[in-house]
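Chemist: File name my_file-v3.txt; file contents compact mmCIF, C-alpha atoms; full text below.
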# COMPACT_ATOMS: atom_id res chain seq x y z
CA ALA A 26 92.48 99.14 105.38
CA MET A 27 91.17 102.13 103.51
CA SER A 28 93.54 105.06 103.55
CA GLU A 29 92.46 108.67 103.35
CA LEU A 30 94.24 111.69 102.03
CA THR A 31 93.58 115.38 102.30
CA MET A 32 94.96 117.90 99.84
CA THR A 33 94.61 121.61 99.28
CA LEU A 34 94.49 122.65 95.65
CA ASN A 35 94.64 126.09 94.06
CA ARG A 36 92.40 126.39 91.03
CA SER A 37 94.33 127.24 87.88
CA ASN A 38 92.91 129.43 85.13
CA SER A 39 93.65 126.90 82.43
CA PHE A 40 92.75 123.67 84.21
CA GLY A 41 90.49 124.43 87.14
CA LEU A 42 91.39 121.64 89.56
CA GLY A 43 91.87 119.09 86.79
CA ILE A 44 89.65 116.36 88.20
CA LEU A 45 86.86 114.70 86.25
CA PHE A 46 84.43 113.04 88.63
CA HIS A 47 82.29 110.00 88.03
CA LEU A 48 79.04 109.84 89.99
CA GLN A 49 77.57 106.54 90.98
CA GLU A 50 74.15 107.24 92.33
CA GLY A 51 73.87 105.85 95.81
CA ASP A 52 77.56 104.93 95.96
CA GLY A 53 79.43 108.18 95.82
CA VAL A 54 81.72 110.35 93.79
CA PHE A 55 84.91 108.91 92.31
CA VAL A 56 87.85 110.31 90.38
CA LYS A 57 87.36 109.25 86.77
CA SER A 58 90.37 111.01 85.31
CA ILE A 59 93.00 113.60 86.13
CA THR A 60 94.10 116.22 83.58
CA PRO A 61 97.86 116.05 82.93
CA GLY A 62 99.63 119.17 84.19
CA SER A 63 96.67 120.27 86.32
CA PRO A 64 96.86 121.13 90.04
CA ALA A 65 95.45 117.68 90.90
CA ASP A 66 98.03 115.97 88.71
CA CYS A 67 100.93 118.04 90.03
CA SER A 68 100.02 117.13 93.61
CA GLY A 69 101.06 113.58 92.78
CA LEU A 70 98.63 112.31 95.41
CA LEU A 71 95.47 111.53 93.54
CA GLN A 72 94.63 108.40 91.59
CA GLU A 73 91.76 107.36 89.39
CA GLY A 74 89.20 105.47 91.45
CA ASP A 75 89.77 107.52 94.61
CA GLN A 76 86.51 108.51 96.30
CA LEU A 77 85.78 112.14 97.16
CA ILE A 78 84.42 112.28 100.70
CA GLN A 79 84.74 115.89 101.82
CA VAL A 80 85.07 119.37 100.33
CA ASP A 81 86.41 121.94 102.78
CA ASP A 82 84.13 121.27 105.77
CA THR A 83 81.26 119.73 103.84
CA GLU A 84 80.91 115.97 103.63
CA ILE A 85 79.76 114.53 100.31
CA LEU A 86 77.23 112.32 102.04
CA PRO A 87 75.09 114.52 104.27
CA ALA A 88 75.07 113.56 107.93
CA GLY A 89 73.03 110.45 108.59
CA SER A 90 72.85 109.59 104.92
CA SER A 91 74.38 106.52 103.35
CA LYS A 92 73.28 107.34 99.82
CA LEU A 93 74.57 110.02 97.50
CA ASP A 94 72.00 112.67 96.67
CA LEU A 95 72.76 113.97 93.17
CA GLU A 96 71.05 117.34 93.69
CA TYR A 97 73.00 117.89 96.88
CA PHE A 98 76.22 117.03 95.06
CA ARG A 99 75.46 119.35 92.15
CA SER A 100 74.87 122.26 94.50
CA LEU A 101 78.14 121.42 96.23
CA MET A 102 79.94 121.42 92.86
CA ARG A 103 78.50 124.86 92.07
CA GLN A 104 79.98 126.13 95.35
CA ILE A 105 83.32 124.50 94.58
CA ARG A 106 83.60 126.36 91.29
CA GLN A 107 83.55 129.67 93.17
CA ILE A 108 86.46 128.78 95.44
CA GLU A 109 90.07 129.53 94.50
CA LYS A 110 91.78 127.40 97.11
CA ILE A 111 90.00 124.26 98.17
CA ARG A 112 90.62 121.39 100.56
CA LEU A 113 89.53 117.98 99.37
CA ARG A 114 89.50 114.73 101.30
CA PHE A 115 89.59 111.43 99.46
CA ARG A 116 89.42 107.77 100.37
CA SER A 117 91.97 105.78 98.45
CA GLY A 118 90.28 103.53 95.93
CA ASN A 119 93.17 101.21 95.16
CA ALA A 120 92.26 98.27 97.39
CA ASP A 121 88.48 98.03 97.35
CA SER A 122 87.61 100.10 94.33
CA VAL A 123 84.85 99.58 91.87
CA PRO A 124 86.41 98.54 88.57
CA PHE A 125 86.34 101.24 85.90
Would you kindly transcribe this structure into structure tokens?

Modeler:
Amino acid sequence: AMSELTMTLNRSNSFGLGILFHLQEGDGVFVKSITPGSPADCSGLLQEGDQLIQVDDTEILPAGSSKLDLEYFRSLMRQIRQIEKIRLRFRSGNADSVPF
């Protein structure tokens, strides 16, 4: 079964959140890499290949949509950069992940 995890991260001045995302159009947004020493790394929860599904109260795939809209995601990322403390929900990618 797919497991989900929710974490709250505080942006750091030097690292931001420390997550590099990989967008697969139509499929979603995945963690490509995690910066060592960053808030994401220090949480110990996140792994490469995990799929980002929600940011605070906003789902990555808009309601009723099964495909990722890149413009929608970019506008969401612009919002994220303004927020100091952010809640992210991920779906664990370890079992059924796309190979990287």

Chemist: In file coordinates, which residues lie within 6 Å of (90.0, 105.0, 96.9) using only C-alpha atoms, given as number ranges by chain?

Modeler: A: 74-76, 116-119

Chemist: Between A:Leu86, A:Met27, A:Val80, A:Leu45, which one has atoms that come closest to Gln104 in chain A, using only C-alpha atoms?

Modeler: A:Val80

Chemist: Using all atoms listed in the file, pick whichever of A:Ser68, A:Asn38, A:Gln49, A:Thr60 has the shortest atom-to-atom distance to Arg106 in chain A.

Modeler: A:Asn38

Chemist: Using all atoms of range 91-96 of chain A that appear in the file, construct an axis-aligned enclosing box with 5 Å of padding on every side and provide its centre coordinates and edge lengths in Å, rounded to one decimal, as AutoDock Vina command-line options.

Modeler:
--center_x 72.8 --center_y 111.9 --center_z 98.3 --size_x 13.5 --size_y 20.8 --size_z 20.2

Chemist: Every residue with an atom at most 7 Å from (93.7, 109.5, 89.5) (file coordinates; all atoms listed in the file) is what I'm after, so could you write them as a ChimeraX atom specification?

Modeler: /A:56-59,71-75

Chemist: Restricting the output to C-alpha atoms, write the selected residues as a short mmCIF file (atom, residue, chain, number, x, y, z; two decimals), in the frame of the given file.

Modeler:
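The result, stored in again_19.cif:
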data_model
loop_
_atom_site.label_atom_id
_atom_site.label_comp_id
_atom_site.auth_asym_id
_atom_site.auth_seq_id
_atom_site.Cartn_x
_atom_site.Cartn_y
_atom_site.Cartn_z
CA VAL A 56 87.85 110.31 90.38
CA LYS A 57 87.36 109.25 86.77
CA SER A 58 90.37 111.01 85.31
CA ILE A 59 93.00 113.60 86.13
CA LEU A 71 95.47 111.53 93.54
CA GLN A 72 94.63 108.40 91.59
CA GLU A 73 91.76 107.36 89.39
CA GLY A 74 89.20 105.47 91.45
CA ASP A 75 89.77 107.52 94.61
#

Chemist: Calculate how many Å separate CA of Leu48 in chain A from CA of Arg103 in chain A, rounding to one decimal.

Modeler: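 If I compute the distance from CA of Leu48 in chain A to CA of Arg103 in chain A, I get 15.2 Å.
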
Chemist: Tell me which of A:Pro61, A:Leu42, A:Leu113, A:Tyr97 sits closest to Glu29 in chain A, counting all atoms listed in the file.

Modeler: A:Leu113
